[in-house]
$ cat query_23.pdb   # PDB, C-alpha atoms and all ligand atoms
MODEL        1
ATOM      1  CA  MET A   1      16.630 152.097 101.957  1.00  0.00           C
ATOM      2  CA  LEU A   2      14.267 154.978 102.714  1.00  0.00           C
ATOM      3  CA  LEU A   3      11.802 152.717 104.521  1.00  0.00           C
ATOM      4  CA  GLU A   4      12.260 149.281 106.035  1.00  0.00           C
ATOM      5  CA  LEU A   5       9.621 147.380 107.962  1.00  0.00           C
ATOM      6  CA  LYS A   6      10.986 144.201 109.511  1.00  0.00           C
ATOM      7  CA  ASN A   7       8.780 141.510 111.015  1.00  0.00           C
ATOM      8  CA  LEU A   8       6.187 144.003 112.166  1.00  0.00           C
ATOM      9  CA  SER A   9       3.296 142.843 114.257  1.00  0.00           C
ATOM     10  CA  LYS A  10       0.562 145.038 115.656  1.00  0.00           C
ATOM     11  CA  ALA A  11      -2.606 144.468 117.617  1.00  0.00           C
ATOM     12  CA  TYR A  12      -4.912 147.111 119.076  1.00  0.00           C
ATOM     13  CA  HIS A  13      -5.280 146.384 122.754  1.00  0.00           C
ATOM     14  CA  ARG A  14      -8.816 146.772 124.032  1.00  0.00           C
ATOM     15  CA  SER A  15     -10.555 145.797 127.241  1.00  0.00           C
ATOM     16  CA  GLU A  16     -12.077 142.764 125.502  1.00  0.00           C
ATOM     17  CA  GLY A  17      -8.551 141.631 124.554  1.00  0.00           C
ATOM     18  CA  PRO A  18      -6.093 142.220 121.726  1.00  0.00           C
ATOM     19  CA  LEU A  19      -7.369 142.801 118.202  1.00  0.00           C
ATOM     20  CA  PRO A  20      -4.585 141.536 115.934  1.00  0.00           C
ATOM     21  CA  ILE A  21      -4.130 143.656 112.788  1.00  0.00           C
ATOM     22  CA  LEU A  22      -0.734 142.859 111.246  1.00  0.00           C
ATOM     23  CA  THR A  23       1.433 139.760 111.551  1.00  0.00           C
ATOM     24  CA  GLU A  24       5.122 139.753 110.637  1.00  0.00           C
ATOM     25  CA  ALA A  25       4.907 142.315 107.872  1.00  0.00           C
ATOM     26  CA  ASN A  26       8.051 143.069 105.851  1.00  0.00           C
ATOM     27  CA  LEU A  27       8.589 145.790 103.297  1.00  0.00           C
ATOM     28  CA  SER A  28      11.578 147.742 101.978  1.00  0.00           C
ATOM     29  CA  LEU A  29      11.391 150.818  99.809  1.00  0.00           C
ATOM     30  CA  ALA A  30      14.403 152.375  98.117  1.00  0.00           C
ATOM     31  CA  ALA A  31      14.761 155.813  96.584  1.00  0.00           C
ATOM     32  CA  ASN A  32      12.815 156.152  93.319  1.00  0.00           C
ATOM     33  CA  GLU A  33      10.285 153.479  94.302  1.00  0.00           C
ATOM     34  CA  PHE A  34       6.537 154.039  94.213  1.00  0.00           C
ATOM     35  CA  ALA A  35       4.539 151.356  96.036  1.00  0.00           C
ATOM     36  CA  SER A  36       0.837 150.937  96.641  1.00  0.00           C
ATOM     37  CA  ILE A  37      -1.017 149.024  99.333  1.00  0.00           C
ATOM     38  CA  GLN A  38      -4.532 147.758  98.755  1.00  0.00           C
ATOM     39  CA  GLY A  39      -6.893 145.602 100.733  1.00  0.00           C
ATOM     40  CA  PRO A  40     -10.390 145.618 102.196  1.00  0.00           C
ATOM     41  CA  SER A  41     -11.630 148.298 104.590  1.00  0.00           C
ATOM     42  CA  GLY A  42     -10.380 147.563 108.091  1.00  0.00           C
ATOM     43  CA  CYS A  43      -7.483 145.325 107.008  1.00  0.00           C
ATOM     44  CA  GLY A  44      -4.810 147.598 108.505  1.00  0.00           C
ATOM     45  CA  LYS A  45      -3.704 149.934 105.691  1.00  0.00           C
ATOM     46  CA  SER A  46      -3.867 153.157 107.707  1.00  0.00           C
ATOM     47  CA  THR A  47      -2.308 151.289 110.630  1.00  0.00           C
ATOM     48  CA  ILE A  48       0.755 150.269 108.605  1.00  0.00           C
ATOM     49  CA  LEU A  49       1.162 153.839 107.303  1.00  0.00           C
ATOM     50  CA  LEU A  50       1.028 155.280 110.829  1.00  0.00           C
ATOM     51  CA  ILE A  51       3.621 152.724 111.958  1.00  0.00           C
ATOM     52  CA  SER A  52       5.805 153.548 108.915  1.00  0.00           C
ATOM     53  CA  GLY A  53       5.636 157.261 109.685  1.00  0.00           C
ATOM     54  CA  GLY A  54       6.832 156.902 113.263  1.00  0.00           C
ATOM     55  CA  LEU A  55       3.391 157.729 114.672  1.00  0.00           C
ATOM     56  CA  LEU A  56       2.245 154.355 116.047  1.00  0.00           C
ATOM     57  CA  LYS A  57       4.596 151.938 117.752  1.00  0.00           C
ATOM     58  CA  PRO A  58       4.363 148.333 116.575  1.00  0.00           C
ATOM     59  CA  ASP A  59       4.159 145.545 119.175  1.00  0.00           C
ATOM     60  CA  GLU A  60       7.057 143.761 117.528  1.00  0.00           C
ATOM     61  CA  GLY A  61       9.512 144.387 114.744  1.00  0.00           C
ATOM     62  CA  ASP A  62      11.606 147.282 113.526  1.00  0.00           C
ATOM     63  CA  VAL A  63      10.889 150.380 111.481  1.00  0.00           C
ATOM     64  CA  LEU A  64      13.772 152.154 109.767  1.00  0.00           C
ATOM     65  CA  ILE A  65      13.253 155.530 108.131  1.00  0.00           C
ATOM     66  CA  ASP A  66      16.374 156.233 106.098  1.00  0.00           C
ATOM     67  CA  GLY A  67      18.218 153.881 108.448  1.00  0.00           C
ATOM     68  CA  LYS A  68      16.897 155.226 111.753  1.00  0.00           C
ATOM     69  CA  ASP A  69      14.280 153.637 113.990  1.00  0.00           C
ATOM     70  CA  PRO A  70      11.918 156.404 115.219  1.00  0.00           C
ATOM     71  CA  TYR A  71      10.739 154.203 118.088  1.00  0.00           C
ATOM     72  CA  LYS A  72      14.268 153.817 119.436  1.00  0.00           C
ATOM     73  CA  LEU A  73      15.002 157.555 119.466  1.00  0.00           C
ATOM     74  CA  GLY A  74      14.088 160.058 122.158  1.00  0.00           C
ATOM     75  CA  SER A  75      10.907 161.995 121.441  1.00  0.00           C
ATOM     76  CA  SER A  76      12.614 165.155 120.166  1.00  0.00           C
ATOM     77  CA  GLU A  77      14.951 163.174 117.864  1.00  0.00           C
ATOM     78  CA  SER A  78      12.004 161.146 116.625  1.00  0.00           C
ATOM     79  CA  THR A  79      10.077 164.368 115.899  1.00  0.00           C
ATOM     80  CA  SER A  80      13.089 165.795 114.025  1.00  0.00           C
ATOM     81  CA  LEU A  81      13.459 162.603 111.991  1.00  0.00           C
ATOM     82  CA  ARG A  82       9.796 162.752 110.992  1.00  0.00           C
ATOM     83  CA  ALA A  83       9.933 166.469 110.201  1.00  0.00           C
ATOM     84  CA  ALA A  84      13.013 166.054 108.016  1.00  0.00           C
ATOM     85  CA  LYS A  85      12.194 162.809 106.236  1.00  0.00           C
ATOM     86  CA  VAL A  86       8.468 162.073 106.172  1.00  0.00           C
ATOM     87  CA  GLY A  87       5.557 163.697 104.374  1.00  0.00           C
ATOM     88  CA  PHE A  88       2.216 162.308 105.564  1.00  0.00           C
ATOM     89  CA  VAL A  89      -1.183 162.693 103.904  1.00  0.00           C
ATOM     90  CA  PHE A  90      -3.735 161.474 106.440  1.00  0.00           C
ATOM     91  CA  GLN A  91      -6.978 159.800 105.439  1.00  0.00           C
ATOM     92  CA  GLN A  92      -8.836 162.447 107.507  1.00  0.00           C
ATOM     93  CA  PHE A  93      -6.478 165.267 106.311  1.00  0.00           C
ATOM     94  CA  TYR A  94      -5.935 166.747 109.817  1.00  0.00           C
ATOM     95  CA  LEU A  95      -5.720 170.306 108.544  1.00  0.00           C
ATOM     96  CA  ILE A  96      -5.515 172.913 111.302  1.00  0.00           C
ATOM     97  CA  PRO A  97      -9.050 174.371 111.421  1.00  0.00           C
ATOM     98  CA  TYR A  98      -8.116 177.965 112.310  1.00  0.00           C
ATOM     99  CA  LEU A  99      -5.368 178.340 109.667  1.00  0.00           C
ATOM    100  CA  THR A 100      -5.926 179.279 106.038  1.00  0.00           C
ATOM    101  CA  VAL A 101      -4.839 177.026 103.175  1.00  0.00           C
ATOM    102  CA  ILE A 102      -1.486 178.762 102.748  1.00  0.00           C
ATOM    103  CA  ASP A 103      -0.802 178.779 106.491  1.00  0.00           C
ATOM    104  CA  ASN A 104      -1.704 175.092 106.776  1.00  0.00           C
ATOM    105  CA  ILE A 105       0.690 174.287 103.944  1.00  0.00           C
ATOM    106  CA  MET A 106       3.521 176.247 105.564  1.00  0.00           C
ATOM    107  CA  ALA A 107       2.882 175.292 109.211  1.00  0.00           C
ATOM    108  CA  PRO A 108       5.165 172.235 109.458  1.00  0.00           C
ATOM    109  CA  ILE A 109       8.132 173.867 107.783  1.00  0.00           C
ATOM    110  CA  LEU A 110       7.806 177.067 109.797  1.00  0.00           C
ATOM    111  CA  ALA A 111       7.679 174.876 112.907  1.00  0.00           C
ATOM    112  CA  VAL A 112      11.127 173.491 112.056  1.00  0.00           C
ATOM    113  CA  GLY A 113      12.544 176.972 111.626  1.00  0.00           C
ATOM    114  CA  GLN A 114      12.404 177.459 107.852  1.00  0.00           C
ATOM    115  CA  ASN A 115      12.640 181.039 106.605  1.00  0.00           C
ATOM    116  CA  ARG A 116       9.147 182.520 106.041  1.00  0.00           C
ATOM    117  CA  ALA A 117       9.918 184.110 102.664  1.00  0.00           C
ATOM    118  CA  LEU A 118      11.221 180.816 101.277  1.00  0.00           C
ATOM    119  CA  ALA A 119       8.288 178.894 102.789  1.00  0.00           C
ATOM    120  CA  THR A 120       5.839 181.358 101.227  1.00  0.00           C
ATOM    121  CA  GLU A 121       7.457 181.063  97.825  1.00  0.00           C
ATOM    122  CA  ARG A 122       7.332 177.261  97.934  1.00  0.00           C
ATOM    123  CA  ALA A 123       3.744 177.296  99.203  1.00  0.00           C
ATOM    124  CA  ARG A 124       2.652 179.566  96.333  1.00  0.00           C
ATOM    125  CA  LYS A 125       4.197 177.200  93.790  1.00  0.00           C
ATOM    126  CA  ALA A 126       2.520 174.236  95.450  1.00  0.00           C
ATOM    127  CA  MET A 127      -0.869 175.996  95.464  1.00  0.00           C
ATOM    128  CA  ALA A 128      -0.522 176.766  91.755  1.00  0.00           C
ATOM    129  CA  ARG A 129       0.371 173.179  91.012  1.00  0.00           C
ATOM    130  CA  PHE A 130      -2.561 171.770  92.987  1.00  0.00           C
ATOM    131  CA  LYS A 131      -5.050 174.412  91.773  1.00  0.00           C
ATOM    132  CA  LEU A 132      -5.471 176.000  95.192  1.00  0.00           C
ATOM    133  CA  THR A 133      -4.326 179.554  94.467  1.00  0.00           C
ATOM    134  CA  GLU A 134      -7.858 180.951  94.502  1.00  0.00           C
ATOM    135  CA  ARG A 135      -8.526 179.255  97.850  1.00  0.00           C
ATOM    136  CA  SER A 136      -5.314 180.454  99.498  1.00  0.00           C
ATOM    137  CA  ASN A 137      -7.140 182.431 102.197  1.00  0.00           C
ATOM    138  CA  HIS A 138      -9.931 179.939 102.866  1.00  0.00           C
ATOM    139  CA  LEU A 139     -10.182 178.045 106.126  1.00  0.00           C
ATOM    140  CA  PRO A 140     -10.507 174.237 105.904  1.00  0.00           C
ATOM    141  CA  SER A 141     -14.235 174.560 106.757  1.00  0.00           C
ATOM    142  CA  GLU A 142     -14.561 176.672 103.579  1.00  0.00           C
ATOM    143  CA  LEU A 143     -13.060 174.003 101.296  1.00  0.00           C
ATOM    144  CA  SER A 144     -14.406 171.013  99.417  1.00  0.00           C
ATOM    145  CA  ALA A 145     -13.112 167.599 100.472  1.00  0.00           C
ATOM    146  CA  GLY A 146     -10.950 167.400  97.356  1.00  0.00           C
ATOM    147  CA  GLU A 147      -9.448 170.814  98.107  1.00  0.00           C
ATOM    148  CA  CYS A 148      -8.642 169.639 101.649  1.00  0.00           C
ATOM    149  CA  GLN A 149      -6.979 166.579 100.168  1.00  0.00           C
ATOM    150  CA  ARG A 150      -4.818 168.652  97.814  1.00  0.00           C
ATOM    151  CA  THR A 151      -3.924 171.057 100.640  1.00  0.00           C
ATOM    152  CA  ALA A 152      -2.802 168.075 102.738  1.00  0.00           C
ATOM    153  CA  LEU A 153      -0.599 166.814  99.895  1.00  0.00           C
ATOM    154  CA  ALA A 154       0.924 170.257  99.295  1.00  0.00           C
ATOM    155  CA  ARG A 155       1.718 170.438 103.012  1.00  0.00           C
ATOM    156  CA  ALA A 156       3.256 166.947 103.020  1.00  0.00           C
ATOM    157  CA  LEU A 157       5.581 167.765 100.111  1.00  0.00           C
ATOM    158  CA  LEU A 158       6.623 171.271 101.146  1.00  0.00           C
ATOM    159  CA  ASN A 159       9.650 170.297 103.213  1.00  0.00           C
ATOM    160  CA  GLN A 160      10.945 168.052 100.416  1.00  0.00           C
ATOM    161  CA  PRO A 161      10.826 164.841 102.476  1.00  0.00           C
ATOM    162  CA  SER A 162      12.431 161.575 101.339  1.00  0.00           C
ATOM    163  CA  LEU A 163       9.418 159.419 102.109  1.00  0.00           C
ATOM    164  CA  LEU A 164       5.821 160.238 101.194  1.00  0.00           C
ATOM    165  CA  LEU A 165       3.106 158.249 102.995  1.00  0.00           C
ATOM    166  CA  ALA A 166      -0.292 158.941 101.470  1.00  0.00           C
ATOM    167  CA  ASP A 167      -3.574 157.495 102.728  1.00  0.00           C
ATOM    168  CA  GLU A 168      -6.241 157.556 100.000  1.00  0.00           C
ATOM    169  CA  PRO A 169      -5.022 160.891  98.613  1.00  0.00           C
ATOM    170  CA  THR A 170      -7.286 160.648  95.562  1.00  0.00           C
ATOM    171  CA  GLY A 171     -10.386 159.432  97.419  1.00  0.00           C
ATOM    172  CA  ASN A 172     -12.339 162.662  96.910  1.00  0.00           C
ATOM    173  CA  LEU A 173     -10.978 163.746  93.553  1.00  0.00           C
ATOM    174  CA  ASP A 174     -12.335 163.826  90.026  1.00  0.00           C
ATOM    175  CA  PRO A 175     -10.143 162.172  87.359  1.00  0.00           C
ATOM    176  CA  ASP A 176      -8.341 165.424  86.383  1.00  0.00           C
ATOM    177  CA  ASN A 177      -7.406 166.339  89.936  1.00  0.00           C
ATOM    178  CA  ALA A 178      -6.559 162.712  90.774  1.00  0.00           C
ATOM    179  CA  GLY A 179      -4.226 162.809  87.772  1.00  0.00           C
ATOM    180  CA  ILE A 180      -2.500 165.945  89.124  1.00  0.00           C
ATOM    181  CA  VAL A 181      -1.995 164.256  92.503  1.00  0.00           C
ATOM    182  CA  LEU A 182      -0.730 160.995  91.001  1.00  0.00           C
ATOM    183  CA  ASP A 183       1.603 162.868  88.636  1.00  0.00           C
ATOM    184  CA  ALA A 184       3.024 164.760  91.635  1.00  0.00           C
ATOM    185  CA  MET A 185       3.639 161.482  93.480  1.00  0.00           C
ATOM    186  CA  THR A 186       5.261 159.886  90.427  1.00  0.00           C
ATOM    187  CA  GLU A 187       7.510 162.907  89.978  1.00  0.00           C
ATOM    188  CA  PHE A 188       8.398 162.814  93.669  1.00  0.00           C
ATOM    189  CA  ALA A 189       9.551 159.185  93.333  1.00  0.00           C
ATOM    190  CA  ASP A 190      11.362 159.883  90.053  1.00  0.00           C
ATOM    191  CA  SER A 191      13.330 162.649  91.697  1.00  0.00           C
ATOM    192  CA  GLY A 192      14.727 160.398  94.421  1.00  0.00           C
ATOM    193  CA  GLY A 193      11.925 159.953  96.954  1.00  0.00           C
ATOM    194  CA  ALA A 194       9.946 156.871  97.918  1.00  0.00           C
ATOM    195  CA  VAL A 195       6.145 156.761  97.919  1.00  0.00           C
ATOM    196  CA  LEU A 196       3.833 154.452  99.829  1.00  0.00           C
ATOM    197  CA  LEU A 197       0.274 154.987  98.629  1.00  0.00           C
ATOM    198  CA  VAL A 198      -2.771 153.415 100.256  1.00  0.00           C
ATOM    199  CA  THR A 199      -5.713 153.316  97.896  1.00  0.00           C
ATOM    200  CA  HIS A 200      -8.935 151.572  97.003  1.00  0.00           C
ATOM    201  CA  ASP A 201      -8.676 153.032  93.515  1.00  0.00           C
ATOM    202  CA  GLU A 202      -7.342 150.475  91.045  1.00  0.00           C
ATOM    203  CA  SER A 203      -6.242 153.088  88.511  1.00  0.00           C
ATOM    204  CA  ALA A 204      -4.248 154.911  91.221  1.00  0.00           C
ATOM    205  CA  ALA A 205      -2.655 151.644  92.394  1.00  0.00           C
ATOM    206  CA  GLU A 206      -1.633 150.893  88.810  1.00  0.00           C
ATOM    207  CA  ARG A 207       0.668 153.923  88.862  1.00  0.00           C
ATOM    208  CA  ALA A 208       2.861 152.155  91.401  1.00  0.00           C
ATOM    209  CA  GLY A 209       5.852 150.105  90.292  1.00  0.00           C
ATOM    210  CA  ARG A 210       5.404 147.814  93.301  1.00  0.00           C
ATOM    211  CA  ARG A 211       2.064 146.616  94.600  1.00  0.00           C
ATOM    212  CA  PHE A 212       1.241 145.209  97.994  1.00  0.00           C
ATOM    213  CA  ARG A 213      -1.932 143.840  99.568  1.00  0.00           C
ATOM    214  CA  ILE A 214      -2.976 143.227 103.126  1.00  0.00           C
ATOM    215  CA  GLU A 215      -5.265 140.314 103.720  1.00  0.00           C
ATOM    216  CA  ASN A 216      -6.050 138.643 107.036  1.00  0.00           C
ATOM    217  CA  GLY A 217      -3.182 140.486 108.689  1.00  0.00           C
ATOM    218  CA  HIS A 218      -0.622 139.464 106.086  1.00  0.00           C
ATOM    219  CA  LEU A 219       1.187 141.907 103.831  1.00  0.00           C
ATOM    220  CA  SER A 220       2.260 140.473 100.490  1.00  0.00           C
ATOM    221  CA  GLU A 221       3.697 141.843  97.279  1.00  0.00           C
ATOM    222  CA  SER A 222       1.862 141.002  94.112  1.00  0.00           C
ATOM    223  CA  GLY A 223       4.316 142.163  91.439  1.00  0.00           C
ATOM    224  CA  GLY A 224       4.240 145.481  89.563  1.00  0.00           C
TER     225      GLY A 224
HETATM  226  N1  LIG B 301      -7.159 152.903 117.946  1.00  0.00           N
HETATM  227  C1  LIG B 301      -7.796 151.776 117.641  1.00  0.00           C
HETATM  228  N2  LIG B 301      -8.252 150.937 118.612  1.00  0.00           N
HETATM  229  C2  LIG B 301      -8.877 149.803 118.307  1.00  0.00           C
HETATM  230  N3  LIG B 301      -9.098 149.366 117.061  1.00  0.00           N
HETATM  231  C3  LIG B 301      -8.681 150.132 116.060  1.00  0.00           C
HETATM  232  C4  LIG B 301      -8.004 151.387 116.281  1.00  0.00           C
HETATM  233  N4  LIG B 301      -7.694 151.937 115.086  1.00  0.00           N
HETATM  234  C5  LIG B 301      -8.151 151.080 114.164  1.00  0.00           C
HETATM  235  N5  LIG B 301      -8.739 149.992 114.722  1.00  0.00           N
HETATM  236  C6  LIG B 301      -9.306 148.831 114.024  1.00  0.00           C
HETATM  237  O1  LIG B 301      -8.224 148.230 113.302  1.00  0.00           O
HETATM  238  C7  LIG B 301      -8.632 147.811 112.004  1.00  0.00           C
HETATM  239  C8  LIG B 301      -7.680 148.359 110.978  1.00  0.00           C
HETATM  240  O2  LIG B 301      -7.867 149.773 110.900  1.00  0.00           O
HETATM  241  P1  LIG B 301      -7.221 150.642 109.734  1.00  0.00           P
HETATM  242  O3  LIG B 301      -7.645 152.037 109.985  1.00  0.00           O
HETATM  243  O4  LIG B 301      -5.773 150.364 109.647  1.00  0.00           O
HETATM  244  O5  LIG B 301      -7.965 150.023 108.457  1.00  0.00           O
HETATM  245  P2  LIG B 301      -7.862 150.428 106.912  1.00  0.00           P
HETATM  246  O6  LIG B 301      -7.349 149.235 106.163  1.00  0.00           O
HETATM  247  O7  LIG B 301      -7.106 151.693 106.775  1.00  0.00           O
HETATM  248  O8  LIG B 301      -9.401 150.651 106.519  1.00  0.00           O
HETATM  249  P3  LIG B 301     -10.090 151.723 105.509  1.00  0.00           P
HETATM  250  O9  LIG B 301      -9.874 151.178 104.118  1.00  0.00           O
HETATM  251  O10 LIG B 301     -11.540 151.654 105.909  1.00  0.00           O
HETATM  252  O11 LIG B 301      -9.479 153.052 105.737  1.00  0.00           O
HETATM  253  C9  LIG B 301     -10.061 148.269 111.842  1.00  0.00           C
HETATM  254  O12 LIG B 301     -10.918 147.134 111.935  1.00  0.00           O
HETATM  255  C10 LIG B 301     -10.306 149.250 112.975  1.00  0.00           C
HETATM  256  O13 LIG B 301     -11.614 149.141 113.474  1.00  0.00           O
HETATM  257 MG    MG B 302      -7.659 153.622 106.340  1.00  0.00          MG
ENDMDL
END
$ encode --input "query_23.pdb" --output "structure tokens"
Amino acid sequence: MLLELKNLSKAYHRSEGPLPILTEANLSLAANEFASIQGPSGCGKSTILLISGGLLKPDEGDVLIDGKDPYKLGSSESTSLRAAKVGFVFQQFYLIPYLTVIDNIMAPILAVGQNRALATERARKAMARFKLTERSNHLPSELSAGECQRTALARALLNQPSLLLADEPTGNLDPDNAGIVLDAMTEFADSGGAVLLVTHDESAAERAGRRFRIENGHLSESGG
């Protein structure tokens, strides 16, 4: 399995007391699987993605990324596991504001010691695929929201991860560009990866072979 969530529970702890978000959530994703998660705003979709990506520790339960629990590793091993295995498209993009599009796309793989010439070649291909070539030297503040979204996806895929976690990656896109993004995610799953897509967009969710919902803290699978 590329991702296993076992009996996960999570509350946000605030001074007023705990705010329970997820209760005993279970999910397993194998290679070649494309899953979507839907549910109302505030139900915990971004929370479950952060937990799945090794970025937010659950209160209870286990997370296995390709068999390893990021929360049971030391911080440098956990960082290496994430860098090697996980591509993350954040709902707020989190592009680095002082780096151009191409440098944002390459930043994570240069950080893990990838050769610059190879990184540049891959980044150029990714920019062509996501129609970013003409914006290669723009800063994030000089991009549209949809261009930021495509830059974030190109960055997430550049190190050829096994697991792609994408939070509303088509939220700012017109149908043509949304199609490019969804095709890229489908191809990623078909070539041996696993995709977990959070979306409010029904037509995007329909691309997934497995469909989940979160309601009142409970994650359930509704059939593909
Ligand atoms: N760090 C935090 N501390 C306290 N509460 C939080 C924190 N982060 C999120 N929440 C609350 O937890 C709930 C779930 O948040 P989450 O971001 O997972 O929702 P979501 O399903 O992704 O919503 P949306 O569809 O609007 O993106 C929300 O009600 C939010 O207000
Ligand atoms: Mg969210």
$ residues_near_ligand --input "query_23.pdb" --ligand "ligand LIG 301 (chain B)" --cutoff "7 Å" --atoms "only C-alpha atoms and all ligand atoms" --output "list in words"
Tyr12, His13, Arg14, Leu19, Ile21, Gly39, Pro40, Ser41, Gly42, Cys43, Gly44, Lys45, Ser46, Thr47 and Ile48 of chain A
$ write_last_selection --input "query_23.pdb" --atoms "C-alpha atoms" --output "CSV table (one decimal), keeping the file's coordinate frame"
chain,number,residue,atom,x,y,z
A,12,TYR,CA,-4.9,147.1,119.1
A,13,HIS,CA,-5.3,146.4,122.8
A,14,ARG,CA,-8.8,146.8,124.0
A,19,LEU,CA,-7.4,142.8,118.2
A,21,ILE,CA,-4.1,143.7,112.8
A,39,GLY,CA,-6.9,145.6,100.7
A,40,PRO,CA,-10.4,145.6,102.2
A,41,SER,CA,-11.6,148.3,104.6
A,42,GLY,CA,-10.4,147.6,108.1
A,43,CYS,CA,-7.5,145.3,107.0
A,44,GLY,CA,-4.8,147.6,108.5
A,45,LYS,CA,-3.7,149.9,105.7
A,46,SER,CA,-3.9,153.2,107.7
A,47,THR,CA,-2.3,151.3,110.6
A,48,ILE,CA,0.8,150.3,108.6
$ resolve_selection --input "query_23.pdb" --expression "the PyMOL selection byres (((chain A and resi 197) around 10) and not hetatm)" --output "number ranges by chain"
A: 34-38, 45, 49, 89, 164-170, 182, 185, 194-196, 198-200, 204-205, 207-208, 211-212
$ write_last_selection --input "query_23.pdb" --atoms "C-alpha atoms" --output "compact mmCIF listing (two decimals), keeping the file's coordinate frame"
# COMPACT_ATOMS: atom_id res chain seq x y z
CA PHE A 34 6.54 154.04 94.21
CA ALA A 35 4.54 151.36 96.04
CA SER A 36 0.84 150.94 96.64
CA ILE A 37 -1.02 149.02 99.33
CA GLN A 38 -4.53 147.76 98.76
CA LYS A 45 -3.70 149.93 105.69
CA LEU A 49 1.16 153.84 107.30
CA VAL A 89 -1.18 162.69 103.90
CA LEU A 164 5.82 160.24 101.19
CA LEU A 165 3.11 158.25 103.00
CA ALA A 166 -0.29 158.94 101.47
CA ASP A 167 -3.57 157.50 102.73
CA GLU A 168 -6.24 157.56 100.00
CA PRO A 169 -5.02 160.89 98.61
CA THR A 170 -7.29 160.65 95.56
CA LEU A 182 -0.73 161.00 91.00
CA MET A 185 3.64 161.48 93.48
CA ALA A 194 9.95 156.87 97.92
CA VAL A 195 6.14 156.76 97.92
CA LEU A 196 3.83 154.45 99.83
CA VAL A 198 -2.77 153.42 100.26
CA THR A 199 -5.71 153.32 97.90
CA HIS A 200 -8.94 151.57 97.00
CA ALA A 204 -4.25 154.91 91.22
CA ALA A 205 -2.66 151.64 92.39
CA ARG A 207 0.67 153.92 88.86
CA ALA A 208 2.86 152.16 91.40
CA ARG A 211 2.06 146.62 94.60
CA PHE A 212 1.24 145.21 97.99
$ residues_around --input "query_23.pdb" --residues "stretch 69-81 of chain A" --least-positions-apart "6" --cutoff "10 Å" --atoms "all atoms listed in the file" --output "list in words"
Leu3, Glu4, Leu5, Ile51, Ser52, Gly53, Gly54, Leu55, Leu56, Lys57, Pro58, Asp62, Val63 and Val112 of chain A
$ atom_distance --input "query_23.pdb" --atom1 "atom CA of A:Val181" --atom2 "atom CA of A:Leu22"
28.5 Å
$ closest_residue --input "query_23.pdb" --among "A:Lys85, A:Lys10, A:Lys68, A:Arg129" --to "A:Gly193" --atoms "all atoms listed in the file"
A:Lys85
$ resolve_selection --input "query_23.pdb" --expression "the PyMOL selection byres (((chain A and resi 126) around 9) and not hetatm)" --output "list in words"
Ile105, Glu121, Arg122, Ala123, Arg124, Lys125, Met127, Ala128, Arg129, Phe130, Lys131, Leu132, Thr133, Thr151, Ala154, Arg155, Leu157 and Leu158 of chain A
$ resolve_selection --input "query_23.pdb" --expression "the PyMOL selection byres (((chain A and resi 100) around 7) and not hetatm)" --output "VMD selection string"
chain A and resid 98 to 99 101 to 104 136 to 140
$ closest_residue --input "query_23.pdb" --among "A:Glu60, A:Leu29, A:Leu163, A:Leu50" --to "ligand MG 302 (chain B)" --atoms "all atoms listed in the file"
A:Leu50
$ atom_distance --input "query_23.pdb" --atom1 "atom CA of A:Gly113" --atom2 "atom CA of A:Glu142"
28.3 Å
$ atom_distance --input "query_23.pdb" --atom1 "atom CA of A:Ala111" --atom2 "atom CA of A:Arg82"
12.5 Å
$ residues_around --input "query_23.pdb" --residues "A:Asn172" --least-positions-apart "2" --cutoff "10 Å" --atoms "all atoms listed in the file" --output "list of chain:residue names"
A:Ser144, A:Ala145, A:Gly146, A:Glu147, A:Cys148, A:Gln149, A:Arg150, A:Glu168, A:Pro169, A:Thr170, A:Asp174, A:Pro175, A:Asn177, A:Ala178
$ write_last_selection --input "query_23.pdb" --atoms "C-alpha atoms" --output "PDB file, in the coordinates of the input"
ATOM      1  CA  SER A 144     -14.406 171.013  99.417  1.00  0.00           C
ATOM      2  CA  ALA A 145     -13.112 167.599 100.472  1.00  0.00           C
ATOM      3  CA  GLY A 146     -10.950 167.400  97.356  1.00  0.00           C
ATOM      4  CA  GLU A 147      -9.448 170.814  98.107  1.00  0.00           C
ATOM      5  CA  CYS A 148      -8.642 169.639 101.649  1.00  0.00           C
ATOM      6  CA  GLN A 149      -6.979 166.579 100.168  1.00  0.00           C
ATOM      7  CA  ARG A 150      -4.818 168.652  97.814  1.00  0.00           C
ATOM      8  CA  GLU A 168      -6.241 157.556 100.000  1.00  0.00           C
ATOM      9  CA  PRO A 169      -5.022 160.891  98.613  1.00  0.00           C
ATOM     10  CA  THR A 170      -7.286 160.648  95.562  1.00  0.00           C
ATOM     11  CA  ASP A 174     -12.335 163.826  90.026  1.00  0.00           C
ATOM     12  CA  PRO A 175     -10.143 162.172  87.359  1.00  0.00           C
ATOM     13  CA  ASN A 177      -7.406 166.339  89.936  1.00  0.00           C
ATOM     14  CA  ALA A 178      -6.559 162.712  90.774  1.00  0.00           C
TER      15      ALA A 178
END
$ closest_residue --input "query_23.pdb" --among "A:Phe188, A:Thr23, A:Ala83, A:Gly179" --to "A:Gly61" --atoms "only C-alpha atoms"
A:Thr23
$ closest_residue --input "query_23.pdb" --among "A:Asn159, A:Thr186, A:Ser222, A:Gln114" --to "A:Phe88" --atoms "only C-alpha atoms"
A:Asn159
$ closest_residue --input "query_23.pdb" --among "A:Gly171, A:Gly17, A:Pro161, A:Gly192" --to "ligand MG 302 (chain B)" --atoms "only C-alpha atoms and all ligand atoms"
A:Gly171
